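Everything below belongs to protein13.pdb, which stores PDB, C-alpha atoms.
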ATOM      1  CA  MET B   1      -2.200  12.534 -18.343
ATOM      2  CA  GLU B   2      -4.517  15.498 -18.451
ATOM      3  CA  TYR B   3      -6.335  14.495 -21.608
ATOM      4  CA  MET B   4      -7.723  11.483 -19.740
ATOM      5  CA  ARG B   5      -9.995  13.975 -17.993
ATOM      6  CA  ASN B   6     -11.436  15.688 -21.059
ATOM      7  CA  SER B   7     -14.076  14.447 -23.453
ATOM      8  CA  LEU B   8     -11.565  12.597 -25.591
ATOM      9  CA  SER B   9     -10.607  10.391 -22.674
ATOM     10  CA  LYS B  10     -13.721   8.257 -23.095
ATOM     11  CA  ALA B  11     -12.394   7.139 -26.462
ATOM     12  CA  ILE B  12      -8.924   6.257 -25.267
ATOM     13  CA  VAL B  13      -9.249   5.586 -21.556
ATOM     14  CA  PHE B  14      -9.357   1.826 -21.919
ATOM     15  CA  THR B  15      -5.700   1.735 -22.961
ATOM     16  CA  PHE B  16      -4.822   3.428 -19.664
ATOM     17  CA  LEU B  17      -6.790   1.058 -17.487
ATOM     18  CA  ILE B  18      -5.123  -2.290 -18.051
ATOM     19  CA  CYS B  19      -5.175  -3.678 -14.569
ATOM     20  CA  LEU B  20      -2.172  -3.400 -12.288
ATOM     21  CA  GLY B  21      -0.893  -6.024  -9.900
ATOM     22  CA  ILE B  22       1.180  -9.155  -9.769
ATOM     23  CA  LEU B  23       1.940 -10.496 -13.210
ATOM     24  CA  ALA B  24       0.363 -13.848 -13.938
ATOM     25  CA  ALA B  25       2.656 -16.737 -14.700
ATOM     26  CA  SER B  26       1.189 -18.418 -17.757
ATOM     27  CA  PRO B  27       2.274 -20.335 -20.869
ATOM     28  CA  LEU B  28       2.331 -17.686 -23.579
ATOM     29  CA  TYR B  29       3.867 -17.672 -27.007
ATOM     30  CA  SER B  30       7.083 -19.505 -27.645
ATOM     31  CA  GLN B  31       9.280 -20.057 -30.644
ATOM     32  CA  LYS B  32       7.017 -23.036 -31.408
ATOM     33  CA  ASN B  33       3.981 -20.770 -31.603
ATOM     34  CA  THR B  34       4.887 -19.417 -35.040
ATOM     35  CA  SER B  35       1.727 -21.046 -36.425
ATOM     36  CA  ASN B  36       0.127 -17.731 -35.508
ATOM     37  CA  SER B  37       1.971 -16.686 -38.683
ATOM     38  CA  PHE B  38       2.819 -13.046 -38.509
ATOM     39  CA  SER B  39       2.207 -11.551 -41.910
ATOM     40  CA  GLU B  40       2.666  -8.112 -43.346
ATOM     41  CA  ASP B  41      -0.204  -5.689 -42.935
ATOM     42  CA  LYS B  42      -0.823  -1.999 -43.479
ATOM     43  CA  GLY B  43      -3.888   0.102 -42.824
ATOM     44  CA  LYS B  44      -5.662   3.037 -41.248
ATOM     45  CA  LEU B  45      -7.927   2.938 -38.211
ATOM     46  CA  ALA B  46     -10.674   5.391 -37.291
ATOM     47  CA  ILE B  47     -11.033   6.142 -33.574
ATOM     48  CA  MET B  48     -14.622   6.892 -32.615
ATOM     49  CA  ILE B  49     -16.658   7.637 -29.542
ATOM     50  CA  GLY B  50     -20.406   7.719 -29.705
ATOM     51  CA  GLY B  51     -20.127   7.314 -33.470
ATOM     52  CA  GLN B  52     -18.057  10.491 -33.807
ATOM     53  CA  SER B  53     -14.471  10.489 -35.097
ATOM     54  CA  VAL B  54     -11.881  11.751 -32.611
ATOM     55  CA  GLY B  55      -8.729  10.560 -34.343
ATOM     56  CA  THR B  56      -7.033   8.190 -36.757
ATOM     57  CA  GLU B  57      -4.104   5.797 -36.716
ATOM     58  CA  GLU B  58      -1.972   4.694 -39.656
ATOM     59  CA  PHE B  59       0.060   1.555 -39.087
ATOM     60  CA  SER B  60       2.149  -1.147 -40.693
ATOM     61  CA  ILE B  61       3.457  -4.564 -39.680
ATOM     62  CA  SER B  62       6.426  -5.631 -41.780
ATOM     63  CA  ARG B  63       9.206  -8.197 -41.827
ATOM     64  CA  ASP B  64      12.817  -7.167 -41.231
ATOM     65  CA  GLY B  65      15.008 -10.210 -41.701
ATOM     66  CA  ASP B  66      13.995 -12.745 -39.056
ATOM     67  CA  GLN B  67      12.241 -10.041 -37.017
ATOM     68  CA  TRP B  68       8.990  -8.079 -37.308
ATOM     69  CA  VAL B  69       8.410  -4.358 -36.920
ATOM     70  CA  ALA B  70       5.025  -2.862 -35.983
ATOM     71  CA  ARG B  71       4.806   0.901 -36.530
ATOM     72  CA  GLY B  72       1.908   3.230 -35.828
ATOM     73  CA  THR B  73       1.134   6.944 -35.872
ATOM     74  CA  THR B  74      -2.008   8.150 -34.104
ATOM     75  CA  GLU B  75      -3.407  11.653 -34.403
ATOM     76  CA  TYR B  76      -6.200  12.583 -32.030
ATOM     77  CA  HIS B  77      -8.048  15.773 -31.224
ATOM     78  CA  GLY B  78      -8.854  17.043 -27.752
ATOM     79  CA  GLN B  79     -10.045  20.278 -26.221
ATOM     80  CA  SER B  80      -6.467  21.549 -26.094
ATOM     81  CA  GLY B  81      -5.768  20.779 -29.758
ATOM     82  CA  SER B  82      -4.280  17.991 -31.811
ATOM     83  CA  ASN B  83      -1.666  15.540 -30.594
ATOM     84  CA  LYS B  84       0.321  12.796 -32.232
ATOM     85  CA  VAL B  85       1.767   9.543 -30.861
ATOM     86  CA  ILE B  86       4.334   7.563 -32.854
ATOM     87  CA  GLY B  87       5.434   4.063 -31.867
ATOM     88  CA  GLU B  88       7.760   1.427 -33.297
ATOM     89  CA  LEU B  89       7.794  -2.068 -31.815
ATOM     90  CA  ARG B  90      10.399  -4.619 -32.859
ATOM     91  CA  LEU B  91       9.554  -8.302 -32.272
ATOM     92  CA  ASN B  92      11.236 -11.642 -32.726
ATOM     93  CA  SER B  93       9.733 -14.287 -35.006
ATOM     94  CA  ALA B  94       7.467 -15.570 -32.201
ATOM     95  CA  GLY B  95       6.107 -12.120 -31.371
ATOM     96  CA  ALA B  96       8.143 -11.426 -28.224
ATOM     97  CA  PRO B  97       9.128  -7.737 -27.937
ATOM     98  CA  LEU B  98      12.773  -6.797 -28.407
ATOM     99  CA  LYS B  99      12.691  -2.995 -28.511
ATOM    100  CA  TYR B 100      10.003  -0.333 -28.381
ATOM    101  CA  VAL B 101      10.377   3.382 -29.111
ATOM    102  CA  TRP B 102       7.635   6.014 -28.866
ATOM    103  CA  ASN B 103       7.374   9.775 -28.960
ATOM    104  CA  THR B 104       4.620  12.353 -28.794
ATOM    105  CA  GLU B 105       4.176  15.583 -30.709
ATOM    106  CA  GLY B 106       1.803  18.422 -29.893
ATOM    107  CA  GLU B 107       1.059  20.301 -26.676
ATOM    108  CA  LYS B 108       3.255  17.967 -24.653
ATOM    109  CA  LYS B 109       6.353  16.263 -26.007
ATOM    110  CA  ALA B 110       7.875  13.123 -24.585
ATOM    111  CA  SER B 111       9.747  10.044 -25.749
ATOM    112  CA  SER B 112      11.029   6.765 -24.410
ATOM    113  CA  THR B 113      12.923   3.661 -25.405
ATOM    114  CA  THR B 114      12.262   0.235 -23.913
ATOM    115  CA  VAL B 115      14.755  -2.589 -24.404
ATOM    116  CA  PHE B 116      13.658  -6.139 -23.616
ATOM    117  CA  ASN B 117      16.019  -8.928 -22.620
ATOM    118  CA  GLY B 118      14.081 -12.103 -22.007
ATOM    119  CA  LEU B 119      11.847 -11.490 -19.006
ATOM    120  CA  THR B 120      13.312  -8.090 -18.170
ATOM    121  CA  ALA B 121      12.751  -4.651 -19.663
ATOM    122  CA  GLN B 122      14.438  -1.302 -19.151
ATOM    123  CA  ILE B 123      12.570   1.913 -19.979
ATOM    124  CA  SER B 124      14.332   5.242 -20.494
ATOM    125  CA  LEU B 125      11.783   8.088 -20.407
ATOM    126  CA  GLU B 126      12.490  11.633 -21.613
ATOM    127  CA  LEU B 127      10.056  14.375 -20.568
ATOM    128  CA  GLY B 128      12.162  17.409 -21.435
ATOM    129  CA  GLY B 129      14.588  17.027 -18.575
ATOM    130  CA  LYS B 130      17.024  14.367 -17.461
ATOM    131  CA  PRO B 131      15.980  10.904 -18.721
ATOM    132  CA  VAL B 132      14.417   8.645 -16.107
ATOM    133  CA  SER B 133      15.138   4.911 -16.228
ATOM    134  CA  GLN B 134      13.110   2.097 -14.744
ATOM    135  CA  ASP B 135      13.559  -1.672 -14.831
ATOM    136  CA  PHE B 136      10.848  -4.321 -14.883
ATOM    137  CA  THR B 137      11.016  -8.075 -14.403
ATOM    138  CA  PHE B 138       8.170 -10.301 -15.580
ATOM    139  CA  THR B 139       7.216 -13.810 -14.592
ATOM    140  CA  SER B 140       6.164 -14.658 -18.154
ATOM    141  CA  PRO B 141       6.698 -13.264 -21.663
ATOM    142  CA  VAL B 142       5.220  -9.819 -22.168
ATOM    143  CA  VAL B 143       3.133  -8.037 -24.781
ATOM    144  CA  VAL B 144       3.253  -4.275 -25.366
ATOM    145  CA  LEU B 145      -0.088  -2.441 -25.502
ATOM    146  CA  ASP B 146       0.688   1.250 -25.378
ATOM    147  CA  ASN B 147      -1.614   4.240 -25.116
ATOM    148  CA  ASN B 148      -3.434   5.204 -28.315
ATOM    149  CA  LEU B 149      -1.639   2.708 -30.581
ATOM    150  CA  TYR B 150      -4.393   0.240 -31.340
ATOM    151  CA  HIS B 151      -2.624  -1.795 -34.039
ATOM    152  CA  GLN B 152      -0.730  -3.410 -31.165
ATOM    153  CA  TYR B 153      -3.914  -5.345 -30.420
ATOM    154  CA  GLU B 154      -3.362  -7.078 -33.749
ATOM    155  CA  VAL B 155       0.033  -8.170 -32.417
ATOM    156  CA  LEU B 156      -1.778  -9.562 -29.363
ATOM    157  CA  ALA B 157      -4.176 -11.437 -31.646
ATOM    158  CA  ARG B 158      -1.249 -12.999 -33.472
ATOM    159  CA  VAL B 159       0.606 -14.181 -30.374
ATOM    160  CA  TYR B 160      -2.599 -15.636 -28.940
ATOM    161  CA  ASN B 161      -2.498 -19.400 -29.478
ATOM    162  CA  TRP B 162      -5.644 -20.002 -31.559
ATOM    163  CA  ALA B 163      -4.928 -23.711 -31.871
ATOM    164  CA  ALA B 164      -4.998 -24.116 -28.088
ATOM    165  CA  GLY B 165      -7.913 -21.711 -27.602
ATOM    166  CA  GLY B 166      -9.413 -20.982 -24.203
ATOM    167  CA  PRO B 167      -8.425 -18.191 -21.821
ATOM    168  CA  GLN B 168      -4.756 -17.214 -21.993
ATOM    169  CA  ASN B 169      -3.105 -14.841 -19.520
ATOM    170  CA  PHE B 170      -0.633 -12.258 -20.767
ATOM    171  CA  ALA B 171       1.828 -10.095 -18.918
ATOM    172  CA  VAL B 172       1.524  -6.620 -20.424
ATOM    173  CA  LEU B 173       3.532  -3.409 -20.364
ATOM    174  CA  ILE B 174       2.229   0.116 -21.103
ATOM    175  CA  PRO B 175       5.459   2.057 -21.779
ATOM    176  CA  GLN B 176       3.921   5.547 -21.829
ATOM    177  CA  GLN B 177       2.632   4.898 -18.316
ATOM    178  CA  GLN B 178       5.655   2.779 -17.280
ATOM    179  CA  THR B 179       3.026   0.378 -16.011
ATOM    180  CA  PRO B 180       3.061  -3.438 -15.869
ATOM    181  CA  GLY B 181      -0.095  -5.457 -15.544
ATOM    182  CA  MET B 182      -1.970  -8.455 -16.858
ATOM    183  CA  LEU B 183      -4.881  -9.353 -19.084
ATOM    184  CA  THR B 184      -6.746 -12.424 -20.252
ATOM    185  CA  ALA B 185      -7.587 -13.086 -23.892
ATOM    186  CA  GLU B 186     -10.050 -15.721 -25.072
ATOM    187  CA  MET B 187     -11.335 -16.640 -28.509
ATOM    188  CA  ARG B 188     -15.080 -16.542 -29.051
ATOM    189  CA  GLY B 189     -17.289 -17.798 -31.847
ATOM    190  CA  PRO B 190     -17.572 -15.976 -35.171
ATOM    191  CA  ALA B 191     -19.700 -12.836 -35.433
ATOM    192  CA  ILE B 192     -21.496 -11.161 -38.315
ATOM    193  CA  LEU B 193     -21.378  -7.350 -38.233
ATOM    194  CA  ASP B 194     -22.687  -5.178 -41.062
ATOM    195  CA  GLY B 195     -22.749  -8.252 -43.285
ATOM    196  CA  ALA B 196     -19.093  -9.169 -42.670
ATOM    197  CA  ARG B 197     -17.870 -12.242 -40.798
ATOM    198  CA  TYR B 198     -15.269 -11.806 -38.067
ATOM    199  CA  GLU B 199     -13.343 -13.939 -35.630
ATOM    200  CA  GLN B 200     -13.706 -12.623 -32.077
ATOM    201  CA  LEU B 201     -11.048 -12.310 -29.402
ATOM    202  CA  ALA B 202     -12.280 -11.091 -26.016
ATOM    203  CA  VAL B 203      -9.789  -9.183 -23.873
ATOM    204  CA  HIS B 204     -10.534  -8.864 -20.164
ATOM    205  CA  THR B 205      -8.940  -6.775 -17.430
ATOM    206  CA  SER B 206     -10.156  -6.129 -13.909
ATOM    207  CA  ASN B 207     -11.619  -2.836 -15.145
ATOM    208  CA  LEU B 208     -12.857  -3.305 -18.685
ATOM    209  CA  ASP B 209     -13.858  -5.803 -21.355
ATOM    210  CA  LEU B 210     -12.766  -5.292 -24.948
ATOM    211  CA  MET B 211     -13.694  -7.232 -28.072
ATOM    212  CA  LEU B 212     -11.406  -7.577 -31.069
ATOM    213  CA  TYR B 213     -12.979  -8.377 -34.431
ATOM    214  CA  LEU B 214     -10.506 -10.014 -36.817
ATOM    215  CA  ASP B 215     -10.636 -11.297 -40.357
ATOM    216  CA  SER B 216      -9.667 -14.864 -41.268
ATOM    217  CA  ALA B 217      -5.979 -13.857 -41.309
ATOM    218  CA  HIS B 218      -6.340 -12.397 -37.801
ATOM    219  CA  ARG B 219      -5.932  -8.827 -38.999
ATOM    220  CA  LEU B 220      -7.586  -6.284 -36.714
ATOM    221  CA  MET B 221     -10.725  -4.924 -38.369
ATOM    222  CA  ARG B 222     -12.646  -3.528 -35.407
ATOM    223  CA  LEU B 223     -12.166  -3.055 -31.673
ATOM    224  CA  SER B 224     -15.088  -2.345 -29.373
ATOM    225  CA  VAL B 225     -15.180  -1.077 -25.787
ATOM    226  CA  PRO B 226     -18.883  -0.936 -24.841
ATOM    227  CA  ALA B 227     -18.308   0.575 -21.401
ATOM    228  CA  ALA B 228     -16.555   3.573 -22.985
ATOM    229  CA  ASN B 229     -18.901   3.747 -25.998
ATOM    230  CA  ALA B 230     -15.691   3.605 -28.030
ATOM    231  CA  GLU B 231     -14.904   1.774 -31.244
ATOM    232  CA  ILE B 232     -11.905   1.453 -33.527
ATOM    233  CA  ARG B 233     -12.614   0.582 -37.175
ATOM    234  CA  ARG B 234     -10.347  -0.151 -40.080
ATOM    235  CA  GLN B 235     -11.000   2.245 -42.929
TER     236      GLN B 235
END

Final structure tokens representation of the file:
Amino acid sequence: MEYMRNSLSKAIVFTFLICLGILAASPLYSQKNTSNSFSEDKGKLAIMIGGQSVGTEEFSISRDGDQWVARGTTEYHGQSGSNKVIGELRLNSAGAPLKYVWNTEGEKKASSTTVFNGLTAQISLELGGKPVSQDFTFTSPVVVLDNNLYHQYEVLARVYNWAAGGPQNFAVLIPQQQTPGMLTAEMRGPAILDGARYEQLAVHTSNLDLMLYLDSAHRLMRLSVPAANAEIRRQ
């Protein structure tokens, strides 16, 4: 996308650069991994680069029967004006994705729907013309980490098996890019930032390292990408 090449891209580029390649087969979440205890959450995140605000995201994670729904709306500001991304991710009780819908508003409009069926996913993308469909097959359960919707990293933190600890490989899908890939997450020791104590979850790709800072309930409080001088903070 063109906005990757303007000044705003430094704040959001890390969500585009999740490494591509063969998906790693690894033991991820299962129905037995509900000890990660999804719980309802609602908040607003500030998106910053170099200490300057370039956008915000409002999100919620809520229960719907025996499923969970993670919704987010991000508004960001680039050289060409303001844009908005809206996403809704439906998950089963263990955190596996069932359906994901996103759309954009602003200079460029687009939308897509992704339906998951076990280790397969079908994306239908609408860019103003005839919808384009694409199928994906994964070798292990998948997490969704879409462009500019940072609350989805809280979903990652909740499906990470904290009791087991250590590095855990995740198949990942970026629906806006129709891109599969992989990442590794690993818990680190606690950190004190600005007088507050956080649990740390390091996220590694072949291109970038991210650090998630979570409270004791594993809610996302901060996200740092040193290489991009970018930071996401809960307001």

At most 7 Å is the cut-off: for each residue in segment 142-171 of chain B with any atom that close to an atom of segment 178-190 of chain B, write down the nearest atom pair and the distance in Å rounded to one decimal, counting only C-alpha atoms, chain first then increasing number, as CSV.
residue,atom,partner,partner_atom,distance
B:Gly165,CA,B:Met187,CA,6.2
B:Gly166,CA,B:Glu186,CA,5.4
B:Pro167,CA,B:Glu186,CA,4.4
B:Gln168,CA,B:Ala185,CA,5.4
B:Asn169,CA,B:Thr184,CA,4.4
B:Phe170,CA,B:Leu183,CA,5.4
B:Ala171,CA,B:Met182,CA,4.6

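Note that the spacing between atom CA of Thr205 of chain B and atom CA of Val225 of chain B amounts to 11.9 Å.
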
I'd like to know which of B:Ser112, B:Asn207, B:Gln152, B:Thr104 is closest to Ala70 of chain B, using all atoms listed in the file.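 Closest to Ala70 of chain B, using all atoms listed in the file: B:Gln152.
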
Running the PyMOL selection byres ((chain B and resi 91) around 9) on this model by hand, what would come out? Give it as number ranges by chain. B: 67-70, 89-90, 92-100

Please write the residues picked by the PyMOL selection byres ((chain B and resi 40-51) around 6) on this file as a list in words. Ala11, Ser39, Gln52, Ser53, Val54, Gly55, Thr56, Glu57, Glu58, Phe59, Ser60, Ile61, Ser62, Asn229, Ala230, Glu231, Ile232, Arg233, Arg234 and Gln235 of chain B

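Going from atom CA of Arg63 of chain B over to atom CA of His151 of chain B, you cover 15.5 Å.
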
Find, counting all atoms listed in the file, the residue in B:Val172, B:Val132, B:Val85, B:Ile123 that gets nearest to Lys109 of chain B.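 Closest candidate: B:Val85.
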
Which of B:Leu149, B:Ala157, B:Ile86, B:Val142 sits closest to Trp102 of chain B [using only C-alpha atoms]: B:Ile86
